[in-house]
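Structure file start26.cif (mmCIF, C-alpha atoms) is printed below.
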data_target
#
loop_
_atom_site.label_atom_id
_atom_site.label_comp_id
_atom_site.auth_asym_id
_atom_site.auth_seq_id
_atom_site.Cartn_x
_atom_site.Cartn_y
_atom_site.Cartn_z
CA MET A 1 49.90 -46.24 -17.77
CA ALA A 2 46.55 -44.69 -18.48
CA LEU A 3 44.89 -47.98 -19.28
CA ALA A 4 45.83 -51.58 -18.54
CA THR A 5 46.19 -53.31 -21.90
CA GLY A 6 45.13 -56.77 -22.94
CA LEU A 7 41.99 -56.96 -20.82
CA SER A 8 38.70 -57.90 -22.38
CA HIS A 9 36.06 -55.18 -22.75
CA LYS A 10 33.96 -56.93 -20.13
CA CYS A 11 36.50 -56.30 -17.38
CA ARG A 12 38.41 -53.33 -18.79
CA VAL A 13 40.05 -51.35 -16.02
CA THR A 14 41.17 -47.75 -15.72
CA VAL A 15 44.47 -46.80 -14.13
CA ILE A 16 45.15 -43.11 -13.59
CA PRO A 17 48.74 -42.29 -14.60
CA THR A 18 50.98 -40.32 -12.28
CA THR A 19 49.50 -36.85 -12.57
CA PRO A 20 51.58 -33.63 -12.57
CA LEU A 21 50.27 -32.88 -9.08
CA VAL A 22 51.31 -36.28 -7.68
CA THR A 23 54.70 -36.00 -9.41
CA PHE A 24 55.23 -32.61 -7.79
CA LEU A 25 54.13 -33.85 -4.36
CA GLU A 26 56.63 -36.70 -4.67
CA ARG A 27 59.33 -34.05 -5.16
CA VAL A 28 58.12 -32.28 -2.01
CA GLN A 29 58.18 -35.63 -0.22
CA GLU A 30 61.77 -36.28 -1.26
CA THR A 31 62.88 -32.77 -0.27
CA ALA A 32 61.15 -33.13 3.11
CA LEU A 33 63.03 -36.35 3.78
CA GLY A 34 66.35 -34.60 3.09
CA THR A 35 65.37 -31.63 5.26
CA PHE A 36 63.68 -33.30 8.22
CA GLY A 37 65.50 -36.63 8.18
CA GLY A 38 64.15 -40.16 8.31
CA LYS A 39 63.19 -40.29 11.99
CA ASN A 40 59.40 -40.38 12.32
CA PHE A 41 59.14 -39.42 8.64
CA ASP A 42 55.72 -40.14 7.12
CA ALA A 43 56.07 -40.04 3.32
CA LYS A 44 52.32 -40.32 2.78
CA LEU A 45 51.66 -37.00 4.49
CA TYR A 46 53.23 -35.07 1.62
CA VAL A 47 51.22 -36.62 -1.21
CA ASP A 48 48.00 -35.98 0.72
CA LEU A 49 48.56 -32.23 1.09
CA SER A 50 45.99 -30.02 -0.64
CA LEU A 51 46.99 -26.89 -2.56
CA LYS A 52 45.99 -23.40 -1.47
CA PHE A 53 46.96 -22.02 -4.89
CA ASN A 54 47.21 -23.52 -8.37
CA LEU A 55 49.93 -26.03 -9.15
CA SER A 56 51.94 -23.71 -11.40
CA LYS A 57 52.28 -21.01 -8.74
CA THR A 58 53.07 -23.54 -6.02
CA GLU A 59 55.68 -25.34 -8.10
CA LYS A 60 57.35 -22.04 -9.05
CA ALA A 61 57.62 -21.08 -5.37
CA PHE A 62 59.03 -24.51 -4.54
CA ASP A 63 61.67 -24.28 -7.29
CA GLY A 64 62.66 -20.85 -5.95
CA LEU A 65 63.46 -22.09 -2.45
CA PRO A 66 67.12 -21.52 -1.39
CA ARG A 67 69.10 -24.76 -1.51
CA SER A 68 72.29 -25.19 0.42
CA ASP A 69 74.23 -27.95 -1.34
CA GLU A 70 74.51 -30.11 -4.43
CA ASN A 71 71.76 -32.38 -3.07
CA GLY A 72 69.32 -29.47 -3.11
CA THR A 73 68.73 -29.45 0.64
CA VAL A 74 66.24 -26.85 1.87
CA SER A 75 66.51 -25.49 5.40
CA VAL A 76 63.95 -26.60 7.98
CA LYS A 77 62.76 -23.00 8.38
CA ASP A 78 62.29 -22.39 4.66
CA LEU A 79 60.52 -25.68 3.99
CA LYS A 80 58.17 -25.30 6.96
CA GLU A 81 57.27 -21.78 5.81
CA PHE A 82 56.71 -22.97 2.24
CA ILE A 83 54.42 -25.82 3.33
CA ALA A 84 52.45 -23.56 5.68
CA THR A 85 52.05 -20.92 2.97
CA TYR A 86 51.16 -23.06 -0.02
CA PHE A 87 49.39 -26.09 1.44
CA ALA A 88 46.42 -26.79 3.64
CA ASP A 89 46.81 -29.67 6.07
CA ALA A 90 46.10 -33.15 4.75
CA GLY A 91 42.40 -33.74 5.28
CA ASP A 92 41.39 -30.07 5.30
CA ASP A 93 39.64 -30.65 1.97
CA LEU A 94 37.27 -33.18 3.56
CA LEU A 95 33.75 -32.35 4.69
CA HIS A 96 32.59 -33.32 8.17
CA TYR A 97 29.44 -35.40 8.27
CA ASP A 98 27.42 -36.71 11.21
CA PRO A 99 25.61 -39.92 10.16
CA GLU A 100 21.91 -39.69 10.88
CA ASP A 101 21.81 -43.29 12.12
CA PHE A 102 24.51 -42.78 14.74
CA ALA A 103 23.59 -43.51 18.34
CA PRO A 104 26.18 -43.01 21.13
CA GLU A 105 24.83 -46.05 23.00
CA PRO A 106 23.04 -48.44 20.59
CA GLU A 107 20.48 -50.54 22.43
CA GLY A 108 21.85 -54.00 23.15
CA PHE A 109 25.28 -53.18 21.69
CA LEU A 110 27.26 -54.47 24.68
CA PRO A 111 26.15 -55.77 28.04
CA GLU A 112 26.76 -53.35 30.88
CA SER A 113 29.89 -54.56 32.58
CA LYS A 114 33.15 -53.19 33.87
CA GLU A 115 34.98 -55.04 31.11
CA SER A 116 33.00 -53.26 28.40
CA ARG A 117 34.25 -49.79 29.30
CA SER A 118 37.69 -48.25 29.08
CA GLU A 119 39.33 -47.39 32.37
CA GLY A 120 38.68 -43.77 33.29
CA MET A 121 36.34 -43.14 30.34
CA GLY A 122 32.61 -42.55 30.55
CA SER A 123 31.70 -44.26 27.27
CA ARG A 124 32.93 -46.91 24.87
CA VAL A 125 35.48 -45.71 22.35
CA VAL A 126 36.75 -46.65 18.91
CA VAL A 127 40.30 -45.61 18.07
CA PRO A 128 40.95 -45.58 14.31
CA GLY A 129 44.35 -45.19 12.71
CA SER A 130 44.70 -41.40 12.53
CA ARG A 131 47.30 -41.57 9.74
CA PHE A 132 44.63 -42.40 7.14
CA ILE A 133 42.01 -39.90 6.02
CA GLU A 134 40.46 -41.87 3.16
CA VAL A 135 38.47 -45.07 2.85
CA TYR A 136 40.34 -48.36 2.33
CA TYR A 137 38.85 -51.40 0.69
CA TRP A 138 39.30 -54.49 2.81
CA ASP A 139 39.51 -52.52 6.07
CA SER A 140 35.96 -51.39 5.32
CA TYR A 141 34.63 -54.92 5.72
CA TRP A 142 35.48 -54.73 9.43
CA VAL A 143 34.14 -51.19 9.62
CA ILE A 144 30.86 -52.47 8.20
CA ARG A 145 30.75 -55.30 10.76
CA GLY A 146 31.09 -52.65 13.47
CA LEU A 147 28.46 -50.42 11.90
CA LEU A 148 26.02 -53.32 11.72
CA ALA A 149 26.66 -54.16 15.37
CA SER A 150 25.93 -50.49 16.10
CA LYS A 151 22.72 -50.65 14.04
CA MET A 152 24.09 -48.06 11.62
CA TYR A 153 22.60 -49.84 8.64
CA GLU A 154 22.29 -46.82 6.33
CA THR A 155 25.92 -45.83 6.84
CA ALA A 156 27.01 -49.41 6.08
CA LYS A 157 24.95 -49.37 2.87
CA ALA A 158 26.48 -46.02 1.92
CA ILE A 159 29.98 -47.51 2.06
CA VAL A 160 28.90 -50.33 -0.27
CA THR A 161 27.25 -47.81 -2.61
CA ASN A 162 30.54 -45.90 -2.81
CA PHE A 163 32.39 -49.10 -3.66
CA ILE A 164 29.85 -49.92 -6.38
CA PHE A 165 30.59 -46.48 -7.83
CA LEU A 166 34.32 -47.29 -7.88
CA VAL A 167 33.67 -50.58 -9.71
CA ASP A 168 31.44 -48.79 -12.23
CA THR A 169 34.09 -46.09 -12.74
CA TYR A 170 37.37 -48.03 -12.66
CA GLY A 171 36.36 -51.67 -13.14
CA TYR A 172 37.29 -52.67 -9.58
CA VAL A 173 37.39 -51.30 -6.03
CA LEU A 174 40.54 -49.29 -5.47
CA ASN A 175 42.99 -50.02 -2.66
CA GLY A 176 41.96 -46.65 -1.23
CA SER A 177 39.99 -43.65 -2.37
CA ARG A 178 42.84 -41.63 -3.85
CA ALA A 179 43.99 -41.26 -7.45
CA TYR A 180 47.38 -42.79 -6.67
CA TYR A 181 45.65 -46.03 -5.55
CA THR A 182 44.06 -46.79 -8.93
CA ASN A 183 46.99 -49.07 -9.79
CA ARG A 184 45.73 -51.82 -7.48
CA SER A 185 42.77 -53.22 -5.61
CA GLN A 186 42.63 -55.17 -2.33
CA PRO A 187 41.13 -58.52 -1.22
CA PRO A 188 37.69 -58.64 -2.92
CA LEU A 189 35.39 -58.43 0.07
CA LEU A 190 32.59 -56.44 -1.55
CA SER A 191 30.40 -59.53 -1.89
CA ALA A 192 30.98 -60.32 1.81
CA MET A 193 29.97 -56.76 2.72
CA VAL A 194 26.73 -57.08 0.75
CA TYR A 195 26.09 -60.47 2.34
CA GLU A 196 26.61 -59.16 5.89
CA ILE A 197 24.28 -56.21 5.30
CA TYR A 198 21.61 -58.40 3.71
CA ASN A 199 21.74 -60.79 6.67
CA ARG A 200 20.97 -57.89 9.01
CA THR A 201 18.53 -55.88 6.88
CA CYS A 202 17.05 -58.25 4.24
CA ASP A 203 17.59 -55.40 1.78
CA VAL A 204 16.99 -57.14 -1.56
CA GLU A 205 17.28 -53.86 -3.47
CA LEU A 206 20.87 -53.43 -2.29
CA VAL A 207 21.69 -56.94 -3.53
CA ARG A 208 20.10 -56.19 -6.92
CA LYS A 209 22.04 -52.93 -7.14
CA ALA A 210 25.32 -54.61 -6.20
CA LEU A 211 25.07 -57.69 -8.44
CA PRO A 212 26.43 -56.13 -11.68
CA ALA A 213 29.39 -54.69 -9.77
CA LEU A 214 30.06 -58.03 -8.07
CA LEU A 215 30.09 -59.80 -11.43
CA LYS A 216 32.44 -57.18 -12.84
CA GLU A 217 34.77 -57.51 -9.86
CA HIS A 218 34.73 -61.31 -10.21
CA ALA A 219 35.77 -60.92 -13.85
CA PHE A 220 38.58 -58.56 -12.81
CA TRP A 221 40.07 -61.13 -10.44
CA ASN A 222 39.61 -64.05 -12.86
CA SER A 223 41.02 -62.69 -16.09
CA GLU A 224 44.29 -61.62 -17.68
CA ILE A 225 47.03 -60.55 -15.24
CA HIS A 226 45.20 -61.79 -12.14
CA LYS A 227 44.24 -65.17 -13.56
CA VAL A 228 46.56 -68.17 -13.33
CA THR A 229 45.74 -71.66 -14.61
CA ILE A 230 47.65 -74.59 -13.13
CA GLN A 231 47.49 -78.29 -13.84
CA ASP A 232 47.49 -80.91 -11.10
CA ALA A 233 49.10 -84.37 -11.16
CA GLN A 234 45.94 -85.83 -12.71
CA GLY A 235 46.03 -83.39 -15.60
CA CYS A 236 43.07 -81.30 -14.37
CA ASN A 237 43.25 -77.54 -14.81
CA HIS A 238 42.47 -75.19 -11.93
CA ASN A 239 42.00 -71.43 -12.16
CA LEU A 240 43.58 -69.42 -9.37
CA SER A 241 44.03 -65.71 -8.79
CA ARG A 242 47.06 -63.73 -7.77
CA TYR A 243 47.72 -60.23 -6.50
CA TYR A 244 49.22 -58.26 -9.38
CA ALA A 245 49.37 -54.48 -9.26
CA MET A 246 49.12 -52.63 -12.56
CA TRP A 247 52.22 -50.63 -11.71
CA ASN A 248 56.01 -50.75 -12.06
CA LYS A 249 57.03 -47.51 -10.35
CA PRO A 250 57.52 -46.42 -6.73
CA ARG A 251 54.23 -46.07 -4.90
CA PRO A 252 53.59 -42.31 -4.58
CA GLU A 253 52.56 -42.62 -0.93
CA SER A 254 55.90 -44.27 -0.17
CA SER A 255 58.07 -43.12 -3.05
CA THR A 256 61.21 -42.27 -1.07
CA LYS A 257 61.21 -45.56 0.81
CA ASP A 258 60.51 -47.64 -2.31
CA LYS A 259 63.36 -45.96 -4.18
CA GLU A 260 65.73 -46.61 -1.27
CA SER A 261 64.77 -50.30 -1.21
CA ALA A 262 65.09 -50.60 -5.00
CA SER A 263 68.57 -49.03 -4.97
CA LYS A 264 69.93 -52.52 -4.24
CA PHE A 265 69.02 -53.57 -7.77
CA LEU A 266 71.32 -52.70 -10.67
CA SER A 267 69.01 -53.03 -13.66
CA ASN A 268 65.93 -50.99 -14.40
CA SER A 269 63.91 -54.14 -15.14
CA GLU A 270 64.73 -55.55 -11.68
CA LYS A 271 63.64 -52.30 -10.07
CA GLN A 272 60.37 -52.31 -12.04
CA GLN A 273 59.64 -55.88 -10.97
CA PHE A 274 60.33 -54.98 -7.35
CA TYR A 275 58.01 -51.97 -7.59
CA ARG A 276 55.30 -54.22 -9.03
CA ASP A 277 55.78 -56.81 -6.28
CA ILE A 278 55.74 -54.23 -3.49
CA ALA A 279 52.54 -52.66 -4.87
CA SER A 280 51.06 -56.16 -5.23
CA ALA A 281 51.87 -56.87 -1.59
CA ALA A 282 49.95 -53.69 -0.76
CA GLU A 283 47.10 -55.00 -2.92
CA SER A 284 47.03 -58.14 -0.76
CA GLY A 285 46.40 -56.09 2.37
CA TRP A 286 49.32 -57.93 4.03
CA ASP A 287 51.75 -55.08 3.66
CA PHE A 288 54.15 -56.28 4.58
CA SER A 289 54.29 -59.94 5.48
CA THR A 290 57.20 -62.33 5.08
CA ARG A 291 54.77 -64.64 3.28
CA TRP A 292 55.59 -62.69 0.11
CA MET A 293 59.39 -62.90 0.49
CA ARG A 294 61.70 -65.59 -0.89
CA ASN A 295 64.10 -64.73 1.93
CA THR A 296 62.17 -63.76 5.05
CA SER A 297 65.03 -61.60 6.31
CA GLU A 298 65.42 -59.61 3.08
CA PHE A 299 62.62 -57.23 2.09
CA THR A 300 63.79 -56.88 -1.51
CA THR A 301 63.08 -60.56 -2.19
CA LEU A 302 59.35 -59.85 -2.45
CA SER A 303 57.76 -62.08 -5.08
CA THR A 304 54.07 -61.38 -4.52
CA THR A 305 53.08 -61.74 -8.17
CA SER A 306 54.43 -65.31 -8.27
CA ILE A 307 52.23 -66.55 -5.40
CA PHE A 308 48.74 -67.80 -6.26
CA THR A 309 45.62 -68.10 -4.09
CA CYS A 310 42.41 -70.05 -4.31
#
Written as structure tokens, how would this file's structure read?
Amino acid sequence: MALATGLSHKCRVTVIPTTPLVTFLERVQETALGTFGGKNFDAKLYVDLSLKFNLSKTEKAFDGLPRSDENGTVSVKDLKEFIATYFADAGDDLLHYDPEDFAPEPEGFLPESKESRSEGMGSRVVVPGSRFIEVYYWDSYWVIRGLLASKMYETAKAIVTNFIFLVDTYGYVLNGSRAYYTNRSQPPLLSAMVYEIYNRTCDVELVRKALPALLKEHAFWNSEIHKVTIQDAQGCNHNLSRYYAMWNKPRPESSTKDKESASKFLSNSEKQQFYRDIASAAESGWDFSTRWMRNTSEFTTLSTTSIFTC
């Protein structure tokens, strides 16, 4: 799907199809699962690898790896050598940046007390989830709250500016800042981010800059596939929104696991609906909560797209 169809021009959205690179990295991911096994296996790692050489050369080398059985299993030694030779580590393509507004001990950040410091450490610490090396949408609201508490106002504004760029480019804020996340958004907290920053800085220019993007995002969540109109007992119509990913395939960052879960379904249409519901659960940010399941003990009963919110 290169473009979601049926949306009005005002809230047209762009969805990047599965690119040849992502398709290839999914193959690497599947081979790695067969080689290394499922214990402590992180599928996302393999779709975040960056190439040292062009795709054609890398894919040719991958196809030439010795395989030991009908399942195409590659030995641990051969696969490790291939990955080390043809890929840089995930995140090696990122640039390090020290924010100019960072202060190790912001004045008035926390009162000096034993409770405010970690045992055995000389300074306060923040421990992020090291598995992720890209920005995520609704997580960033809480990051911004922390930045504002740390008086890092310019860095907070920069995050919002990046999100405005995503809305201008794709029609909405992506789940995360990777091409394979263009098939879904996350809880629309951009307006709350702008509000929090304005409350601290009184930056009217930021509000003016953000307003067109906020209106576009509002249209995205209140039109076509996300919009649901229901009628109450008194005959009054109410417009609600629902999480609805623009996707009916395994999520690239979890392709092997999604395919395993979908193997319980017999028909292709059932599998596609499951893939849409699992991606929609990821769009909700509650991935994964039993709130989206018809049977709370069975993961494949996800029905995210059938649940509406105010």
In Å to one decimal, how far is atom CA of A:Ser280 from atom CA of A:Ser303?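 Straight-line distance from atom CA of A:Ser303 to atom CA of A:Ser280 works out to 8.9 Å.
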Determine the residue membership of the PyMOL selection byres ((chain A and resi 218) around 12) for the file above and supply it as a list in words.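 Expected selection for the PyMOL selection byres ((chain A and resi 218) around 12) here is Lys10, Cys11, Val167, Gly171, Tyr172, Val173, Pro187, Pro188, Leu189, Leu190, Ser191, Leu211, Pro212, Ala213, Leu214, Leu215, Lys216, Glu217, Ala219, Phe220, Trp221, Asn222, Ser223, His226, Lys227 and Ser241 of chain A.
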If we draw a sphere of 8 Å around (44.6, -54.5, -11.8), which residues have at least one atom in it when counting only C-alpha atoms? Please report them as a short mmCIF file (atom, residue, chain, number, x, y, z; two decimals) with C-alpha atoms, in the coordinates of the input.
data_model
loop_
_atom_site.label_atom_id
_atom_site.label_comp_id
_atom_site.auth_asym_id
_atom_site.auth_seq_id
_atom_site.Cartn_x
_atom_site.Cartn_y
_atom_site.Cartn_z
CA ALA A 4 45.83 -51.58 -18.54
CA VAL A 13 40.05 -51.35 -16.02
CA TYR A 172 37.29 -52.67 -9.58
CA ASN A 183 46.99 -49.07 -9.79
CA ARG A 184 45.73 -51.82 -7.48
CA SER A 185 42.77 -53.22 -5.61
CA PHE A 220 38.58 -58.56 -12.81
CA ILE A 225 47.03 -60.55 -15.24
CA HIS A 226 45.20 -61.79 -12.14
CA TYR A 244 49.22 -58.26 -9.38
CA ALA A 245 49.37 -54.48 -9.26
CA MET A 246 49.12 -52.63 -12.56
#
So what does the PyMOL selection byres ((chain A and resi 48-63) around 7) actually pick up in this one, as a VMD selection string? chain A and resid 21 44 to 47 64 to 65 86 to 90 93
Quick one: of A:Val74, A:Phe299, A:Ser150, A:Asp232, who's nearest to A:Ala262, counting only C-alpha atoms?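 Nearest to A:Ala262: A:Phe299.
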Atom CA of A:Phe165 and atom CA of A:Arg12, how far apart in Å?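 Pair atom CA of A:Arg12 / atom CA of A:Phe165 returns 15.1 Å.
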Rank nothing, just name the residue among A:Thr256, A:Gln273, A:Asn175, A:Thr290 nearest to A:Asp42, using all atoms listed in the file.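 Checking each candidate against A:Asp42, we get A:Thr256 as the closest.
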State, in Å with one decimal place, the distance from atom CA of A:Arg242 to atom CA of A:Met293.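 Rounded to one decimal, the two atoms are 14.9 Å apart.
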Please identify all polymer residues lying at most 12 Å from the point (21.2, -54.9, -6.4) (file coordinates), using all atoms listed in the file, and present the result as a VMD selection string. chain A and resid 157 160 to 161 164 191 194 to 195 198 202 to 215
May I ask which of the residues A:Phe132, A:Glu107, A:Gln186, A:Pro99 is the closest one to A:Ala156, counting only C-alpha atoms?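 Ranked by minimum distance to A:Ala156, first place goes to A:Pro99.
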Would you list the contacts of A:Ala279 as a list in words, taking every protein, DNA or RNA residue within 7 Å and counting all atoms listed in the file, but skipping same-chain residues closer than 4 positions in sequence?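 Result of the neighbour search: Ala245, Arg251, Tyr275 and Glu283 of chain A.
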